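The data block below is model-v4.cif; it holds mmCIF, C-alpha atoms, pLDDT in the B column; chains and numbers go by the auth columns.
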```cif
data_structure
loop_
_atom_site.group_PDB
_atom_site.id
_atom_site.type_symbol
_atom_site.label_atom_id
_atom_site.label_comp_id
_atom_site.label_asym_id
_atom_site.label_seq_id
_atom_site.Cartn_x
_atom_site.Cartn_y
_atom_site.Cartn_z
_atom_site.B_iso_or_equiv
_atom_site.auth_seq_id
_atom_site.auth_asym_id
ATOM 1 C CA MET A 1 0.000 0.000 0.000 53.00 15 A
ATOM 2 C CA LYS A 2 2.862 2.348 0.861 57.00 16 A
ATOM 3 C CA ASN A 3 4.523 1.651 -2.502 62.00 17 A
ATOM 4 C CA ASN A 4 1.230 2.312 -4.294 71.00 18 A
ATOM 5 C CA LEU A 5 0.864 5.678 -2.541 80.00 19 A
ATOM 6 C CA GLN A 6 4.363 6.684 -3.576 79.00 20 A
ATOM 7 C CA GLU A 7 3.602 5.646 -7.140 78.00 21 A
ATOM 8 C CA TYR A 8 0.386 7.677 -7.167 81.00 22 A
ATOM 9 C CA VAL A 9 2.107 10.766 -5.746 84.00 23 A
ATOM 10 C CA ILE A 10 4.908 10.564 -8.298 83.00 24 A
ATOM 11 C CA GLY A 11 2.392 10.013 -11.078 83.00 25 A
ATOM 12 C CA GLY A 12 0.481 13.083 -9.885 84.00 26 A
ATOM 13 C CA VAL A 13 3.657 15.188 -9.836 84.00 27 A
ATOM 14 C CA LEU A 14 4.444 14.011 -13.364 83.00 28 A
ATOM 15 C CA ILE A 15 1.016 15.057 -14.600 82.00 29 A
ATOM 16 C CA ILE A 16 1.401 18.500 -12.985 82.00 30 A
ATOM 17 C CA LEU A 17 4.797 18.957 -14.630 81.00 31 A
ATOM 18 C CA LEU A 18 3.360 17.953 -18.007 82.00 32 A
ATOM 19 C CA LEU A 19 0.495 20.423 -17.559 79.00 33 A
ATOM 20 C CA LEU A 20 2.977 23.166 -16.682 78.00 34 A
ATOM 21 C CA LEU A 21 4.912 22.401 -19.836 79.00 35 A
ATOM 22 C CA LEU A 22 1.792 23.292 -21.816 77.00 36 A
ATOM 23 C CA ASN A 23 2.715 26.843 -20.830 72.00 37 A
ATOM 24 C CA PRO A 24 -0.547 28.023 -19.257 70.00 38 A
ATOM 25 C CA PHE A 25 -0.832 31.797 -18.947 68.00 39 A
ATOM 26 C CA SER A 26 2.523 32.128 -20.770 67.00 40 A
ATOM 27 C CA LEU A 27 4.453 31.088 -17.679 65.00 41 A
ATOM 28 C CA TRP A 28 7.648 30.320 -19.522 61.00 42 A
ATOM 29 C CA MET A 29 9.088 33.770 -20.054 60.00 43 A
ATOM 30 C CA PRO A 30 12.319 32.928 -18.222 65.00 44 A
ATOM 31 C CA ASP A 31 14.009 30.001 -20.005 76.00 45 A
ATOM 32 C CA THR A 32 15.796 28.882 -16.856 81.00 46 A
ATOM 33 C CA LEU A 33 12.493 28.113 -15.157 80.00 47 A
ATOM 34 C CA LEU A 34 11.436 26.029 -18.143 82.00 48 A
ATOM 35 C CA MET A 35 14.723 24.128 -18.088 85.00 49 A
ATOM 36 C CA MET A 36 14.339 23.478 -14.376 86.00 50 A
ATOM 37 C CA VAL A 37 10.874 22.034 -14.870 85.00 51 A
ATOM 38 C CA VAL A 38 12.076 19.871 -17.772 87.00 52 A
ATOM 39 C CA ALA A 39 14.917 18.571 -15.623 90.00 53 A
ATOM 40 C CA GLY A 40 12.432 17.925 -12.832 90.00 54 A
ATOM 41 C CA LEU A 41 10.217 16.060 -15.274 90.00 55 A
ATOM 42 C CA ALA A 42 13.082 13.798 -16.314 92.00 56 A
ATOM 43 C CA ILE A 43 14.015 13.073 -12.694 92.00 57 A
ATOM 44 C CA VAL A 44 10.451 12.441 -11.547 92.00 58 A
ATOM 45 C CA PHE A 45 9.801 10.204 -14.530 92.00 59 A
ATOM 46 C CA ALA A 46 12.940 8.199 -13.682 93.00 60 A
ATOM 47 C CA LEU A 47 11.567 7.739 -10.143 91.00 61 A
ATOM 48 C CA PHE A 48 8.170 6.720 -11.542 89.00 62 A
ATOM 49 C CA ALA A 49 9.794 4.217 -13.887 90.00 63 A
ATOM 50 C CA GLY A 50 11.842 2.871 -10.988 90.00 64 A
ATOM 51 C CA PHE A 51 8.737 2.254 -8.913 85.00 65 A
ATOM 52 C CA MET A 52 7.006 0.528 -11.813 83.00 66 A
ATOM 53 C CA TRP A 53 10.034 -1.676 -12.423 85.00 67 A
ATOM 54 C CA ARG A 54 10.241 -2.693 -8.766 85.00 68 A
ATOM 55 C CA GLU A 55 6.524 -3.492 -8.528 79.00 69 A
ATOM 56 C CA GLN A 56 5.979 -7.007 -7.316 81.00 70 A
ATOM 57 C CA ALA A 57 2.609 -8.700 -7.183 81.00 71 A
ATOM 58 C CA GLN A 58 1.883 -10.485 -3.924 83.00 72 A
ATOM 59 C CA ASP A 59 0.180 -13.435 -5.602 89.00 73 A
ATOM 60 C CA GLU A 60 -1.043 -14.803 -8.957 92.00 74 A
ATOM 61 C CA ARG A 61 -4.356 -12.907 -8.872 92.00 75 A
ATOM 62 C CA GLU A 62 -2.577 -9.598 -8.292 90.00 76 A
ATOM 63 C CA GLU A 63 -0.249 -10.443 -11.159 90.00 77 A
ATOM 64 C CA LEU A 64 -3.251 -11.012 -13.414 92.00 78 A
ATOM 65 C CA LEU A 65 -4.840 -7.716 -12.324 91.00 79 A
ATOM 66 C CA ARG A 66 -1.554 -5.887 -12.965 89.00 80 A
ATOM 67 C CA HIS A 67 -1.359 -7.497 -16.395 90.00 81 A
ATOM 68 C CA HIS A 68 -4.862 -6.260 -17.239 93.00 82 A
ATOM 69 C CA ALA A 69 -4.006 -2.792 -15.922 91.00 83 A
ATOM 70 C CA SER A 70 -0.836 -2.713 -18.043 90.00 84 A
ATOM 71 C CA ARG A 71 -2.732 -3.675 -21.176 92.00 85 A
ATOM 72 C CA MET A 72 -5.324 -0.999 -20.512 95.00 86 A
ATOM 73 C CA ALA A 73 -2.617 1.615 -19.864 93.00 87 A
ATOM 74 C CA TYR A 74 -0.836 0.688 -23.075 93.00 88 A
ATOM 75 C CA LEU A 75 -4.007 0.860 -25.168 94.00 89 A
ATOM 76 C CA VAL A 76 -5.076 4.192 -23.654 96.00 90 A
ATOM 77 C CA GLY A 77 -1.592 5.631 -24.253 95.00 91 A
ATOM 78 C CA ALA A 78 -1.440 4.428 -27.839 93.00 92 A
ATOM 79 C CA GLY A 79 -5.012 5.599 -28.408 95.00 93 A
ATOM 80 C CA ALA A 80 -4.135 9.071 -27.158 95.00 94 A
ATOM 81 C CA LEU A 81 -1.224 9.247 -29.583 95.00 95 A
ATOM 82 C CA VAL A 82 -3.400 8.096 -32.488 94.00 96 A
ATOM 83 C CA LEU A 83 -5.960 10.738 -31.556 95.00 97 A
ATOM 84 C CA ALA A 84 -3.195 13.359 -31.522 94.00 98 A
ATOM 85 C CA VAL A 85 -2.094 12.278 -35.008 93.00 99 A
ATOM 86 C CA ILE A 86 -5.678 12.500 -36.297 93.00 100 A
ATOM 87 C CA VAL A 87 -6.275 15.944 -34.783 94.00 101 A
ATOM 88 C CA GLN A 88 -2.955 17.302 -36.044 93.00 102 A
ATOM 89 C CA SER A 89 -3.495 15.859 -39.509 92.00 103 A
ATOM 90 C CA PHE A 90 -6.607 18.036 -39.830 92.00 104 A
ATOM 91 C CA GLN A 91 -4.383 20.993 -39.032 91.00 105 A
ATOM 92 C CA HIS A 92 -1.845 19.761 -41.629 89.00 106 A
ATOM 93 C CA ASP A 93 0.870 19.955 -39.014 90.00 107 A
ATOM 94 C CA ILE A 94 1.773 16.573 -37.531 88.00 108 A
ATOM 95 C CA ASP A 95 4.479 16.669 -34.882 90.00 109 A
ATOM 96 C CA PRO A 96 7.025 14.004 -35.883 90.00 110 A
ATOM 97 C CA TRP A 97 7.736 13.161 -32.226 90.00 111 A
ATOM 98 C CA ILE A 98 4.161 11.937 -31.844 92.00 112 A
ATOM 99 C CA LEU A 99 4.680 9.584 -34.765 91.00 113 A
ATOM 100 C CA VAL A 100 7.991 8.446 -33.277 90.00 114 A
ATOM 101 C CA ALA A 101 6.363 7.800 -29.891 92.00 115 A
ATOM 102 C CA LEU A 102 3.530 5.822 -31.484 91.00 116 A
ATOM 103 C CA GLY A 103 5.971 3.846 -33.609 91.00 117 A
ATOM 104 C CA VAL A 104 8.143 3.036 -30.587 91.00 118 A
ATOM 105 C CA MET A 105 5.111 1.857 -28.623 91.00 119 A
ATOM 106 C CA ILE A 106 3.987 -0.418 -31.450 90.00 120 A
ATOM 107 C CA LEU A 107 7.466 -1.831 -32.013 89.00 121 A
ATOM 108 C CA ALA A 108 7.924 -2.410 -28.282 90.00 122 A
ATOM 109 C CA LYS A 109 4.669 -4.381 -28.189 90.00 123 A
ATOM 110 C CA VAL A 110 5.614 -6.449 -31.233 89.00 124 A
ATOM 111 C CA PHE A 111 9.113 -7.236 -29.960 88.00 125 A
ATOM 112 C CA GLY A 112 7.702 -8.019 -26.535 88.00 126 A
ATOM 113 C CA SER A 113 5.271 -10.520 -28.056 88.00 127 A
ATOM 114 C CA VAL A 114 7.973 -12.137 -30.209 89.00 128 A
ATOM 115 C CA TYR A 115 10.321 -12.393 -27.213 89.00 129 A
ATOM 116 C CA SER A 116 7.714 -13.932 -24.916 87.00 130 A
ATOM 117 C CA LYS A 117 6.657 -16.448 -27.603 87.00 131 A
ATOM 118 C CA SER A 118 10.271 -17.412 -28.238 88.00 132 A
ATOM 119 C CA ARG A 119 10.707 -18.166 -24.547 84.00 133 A
ATOM 120 C CA ASN A 120 7.737 -20.587 -24.469 72.00 134 A
ATOM 121 C CA MET B 1 -15.816 -35.320 -27.941 43.00 22 B
ATOM 122 C CA CYS B 2 -18.316 -32.721 -29.119 46.00 23 B
ATOM 123 C CA TYR B 3 -18.005 -29.119 -28.041 49.00 24 B
ATOM 124 C CA ASP B 4 -21.329 -27.359 -27.623 52.00 25 B
ATOM 125 C CA LEU B 5 -20.926 -23.696 -28.517 54.00 26 B
ATOM 126 C CA ASN B 6 -23.988 -22.869 -26.470 56.00 27 B
ATOM 127 C CA MET B 7 -22.420 -24.145 -23.250 64.00 28 B
ATOM 128 C CA LYS B 8 -20.210 -21.945 -21.102 82.00 29 B
ATOM 129 C CA GLU B 9 -18.034 -23.725 -18.567 87.00 30 B
ATOM 130 C CA THR B 10 -17.285 -22.330 -15.137 88.00 31 B
ATOM 131 C CA VAL B 11 -15.324 -23.618 -12.186 91.00 32 B
ATOM 132 C CA THR B 12 -17.204 -24.076 -8.943 92.00 33 B
ATOM 133 C CA ASN B 13 -15.620 -24.828 -5.589 94.00 34 B
ATOM 134 C CA THR B 14 -16.417 -25.812 -2.052 95.00 35 B
ATOM 135 C CA VAL B 15 -13.604 -23.797 -0.486 96.00 36 B
ATOM 136 C CA GLN B 16 -15.832 -21.731 1.786 96.00 37 B
ATOM 137 C CA LYS B 17 -17.735 -24.784 3.019 95.00 38 B
ATOM 138 C CA LEU B 18 -14.524 -26.717 3.678 95.00 39 B
ATOM 139 C CA ARG B 19 -12.858 -23.738 5.336 95.00 40 B
ATOM 140 C CA THR B 20 -15.709 -23.040 7.730 95.00 41 B
ATOM 141 C CA GLY B 21 -15.966 -26.778 8.411 94.00 42 B
ATOM 142 C CA ALA B 22 -12.291 -26.820 9.330 94.00 43 B
ATOM 143 C CA GLY B 23 -12.742 -23.763 11.547 94.00 44 B
ATOM 144 C CA ALA B 24 -10.172 -21.747 9.647 94.00 45 B
ATOM 145 C CA THR B 25 -10.318 -18.058 8.772 95.00 46 B
ATOM 146 C CA GLN B 26 -9.714 -16.700 5.299 96.00 47 B
ATOM 147 C CA GLU B 27 -6.489 -15.160 6.554 95.00 48 B
ATOM 148 C CA GLU B 28 -5.215 -18.504 7.874 95.00 49 B
ATOM 149 C CA LEU B 29 -6.027 -20.277 4.618 96.00 50 B
ATOM 150 C CA ALA B 30 -4.438 -17.451 2.610 96.00 51 B
ATOM 151 C CA GLU B 31 -1.235 -17.621 4.632 95.00 52 B
ATOM 152 C CA SER B 32 -1.053 -21.385 4.331 95.00 53 B
ATOM 153 C CA VAL B 33 -1.305 -21.364 0.534 95.00 54 B
ATOM 154 C CA ASP B 34 0.791 -18.192 0.154 94.00 55 B
ATOM 155 C CA VAL B 35 -1.776 -15.837 -1.344 95.00 56 B
ATOM 156 C CA THR B 36 -3.590 -12.731 -0.120 94.00 57 B
ATOM 157 C CA ARG B 37 -6.889 -12.828 1.744 95.00 58 B
ATOM 158 C CA GLN B 38 -8.475 -10.982 -1.184 94.00 59 B
ATOM 159 C CA THR B 39 -7.582 -13.902 -3.462 95.00 60 B
ATOM 160 C CA ILE B 40 -9.285 -16.375 -1.107 96.00 61 B
ATOM 161 C CA ILE B 41 -12.355 -14.128 -1.011 96.00 62 B
ATOM 162 C CA ALA B 42 -12.406 -13.973 -4.828 95.00 63 B
ATOM 163 C CA ILE B 43 -12.064 -17.770 -5.086 95.00 64 B
ATOM 164 C CA GLU B 44 -14.861 -18.396 -2.585 96.00 65 B
ATOM 165 C CA LYS B 45 -17.183 -16.001 -4.399 94.00 66 B
ATOM 166 C CA GLY B 46 -16.380 -17.657 -7.706 92.00 67 B
ATOM 167 C CA ASN B 47 -14.844 -14.488 -9.122 92.00 68 B
ATOM 168 C CA TYR B 48 -11.419 -15.993 -9.657 94.00 69 B
ATOM 169 C CA VAL B 49 -10.273 -19.368 -10.992 94.00 70 B
ATOM 170 C CA PRO B 50 -6.996 -20.358 -9.317 95.00 71 B
ATOM 171 C CA SER B 51 -4.067 -21.806 -11.190 94.00 72 B
ATOM 172 C CA VAL B 52 -3.433 -25.553 -11.010 94.00 73 B
ATOM 173 C CA LEU B 53 -0.684 -24.982 -8.468 95.00 74 B
ATOM 174 C CA LEU B 54 -2.882 -22.919 -6.176 96.00 75 B
ATOM 175 C CA ALA B 55 -5.800 -25.336 -6.576 96.00 76 B
ATOM 176 C CA LEU B 56 -3.534 -28.228 -5.578 96.00 77 B
ATOM 177 C CA LYS B 57 -2.224 -26.292 -2.573 96.00 78 B
ATOM 178 C CA ILE B 58 -5.778 -25.559 -1.405 96.00 79 B
ATOM 179 C CA SER B 59 -6.806 -29.199 -1.855 96.00 80 B
ATOM 180 C CA LYS B 60 -3.757 -30.308 0.092 96.00 81 B
ATOM 181 C CA TYR B 61 -4.610 -27.843 2.877 95.00 82 B
ATOM 182 C CA PHE B 62 -8.005 -29.483 3.290 95.00 83 B
ATOM 183 C CA ASN B 63 -6.553 -32.954 2.715 94.00 84 B
ATOM 184 C CA ARG B 64 -9.103 -33.643 -0.019 94.00 85 B
ATOM 185 C CA PRO B 65 -8.786 -34.775 -3.656 95.00 86 B
ATOM 186 C CA LEU B 66 -8.813 -31.905 -6.142 95.00 87 B
ATOM 187 C CA GLU B 67 -12.168 -32.959 -7.616 93.00 88 B
ATOM 188 C CA GLN B 68 -13.839 -32.648 -4.208 93.00 89 B
ATOM 189 C CA VAL B 69 -12.740 -29.035 -3.904 95.00 90 B
ATOM 190 C CA PHE B 70 -13.016 -27.766 -7.498 95.00 91 B
ATOM 191 C CA ASN B 71 -15.420 -28.796 -10.212 92.00 92 B
ATOM 192 C CA ILE B 72 -16.380 -27.856 -13.744 91.00 93 B
ATOM 193 C CA LYS B 73 -19.926 -26.672 -14.240 88.00 94 B
ATOM 194 C CA LYS B 74 -21.528 -26.341 -17.632 86.00 95 B
ATOM 195 C CA ASN B 75 -23.921 -23.430 -18.029 76.00 96 B
ATOM 196 C CA GLU B 76 -26.050 -22.740 -21.019 67.00 97 B
ATOM 197 C CA LYS B 77 -25.175 -19.372 -22.641 60.00 98 B
#
```
What is this structure when it is put down as structure tokens?
Amino acid sequence: MKNNLQEYVIGGVLIILLLLLLNPFSLWMPDTLLMMVVAGLAIVFALFAGFMWREQAQDEREELLRHHASRMAYLVGAGALVLAVIVQSFQHDIDPWILVALGVMILAKVFGSVYSKSRN
Amino acid sequence: MCYDLNMKETVTNTVQKLRTGAGATQEELAESVDVTRQTIIAIEKGNYVPSVLLALKISKYFNRPLEQVFNIKKNEK
């Protein structure tokens, strides 16, 4: 439970940093502040990734629930990127990094499937 | 063997009946078979089908054959 709370707090901090990076109310006049937040984002994301990596299910049912949650998270993430591509295509201005991110997610899933099948 | 597409199979169990008969709590059973209490609750309610390993551990806990603890039930869709 304690590990989950830490994960939720770090996830919340990550979301706040991402929202700040959207530059609400033109916050980012001083570049140094922007750089500090970007550095903070990288550090907090590393912590978040560390927690996710160290996650250990207590039993088989928890493992199954985590598996379902991971699949849902992956599909929602990929869906958000696809939606971004669709919206930007109507504006005739697709950010290449969105395409890269979507491509990396798809390749990661494919390689993950091939690897797990090769092990069985 | 014919497979009837209209039949849906589920796994039923007598875990709760055996546990209460043995005078054990869910926590005690969970600790003995190395799972969480929530997993025992889910098994007893029929919301979770345990793996073969877990099913064998539970049967061994009650000192009963597997078929007396877990069973396949055919339901019409």
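In this structure, CA of Tyr129 in chain A sits 25.9 Å away from CA of Phe59 in chain A.
All chain A residues having an atom within 9 Å of chain B, based on all atoms listed in the file, amount to A:Gln72, A:Asp73, A:Glu74, A:Arg75, A:Glu76.
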| message | For range 26-36 of chain A, find every residue with an atom within 8 Å (counting only C-alpha atoms), except residues of its own chain fewer than 4 positions away, and show them as a PyMOL selection string. | response | chain A and resi 22+48+51-52+54-55+58-59
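Between CA of Ala63 in chain A and CA of Gly25 in chain A lies a distance of 9.8 Å.
Pairwise distance (CA of Ile79 in chain B, CA of Glu77 in chain A) equals 18.8 Å.
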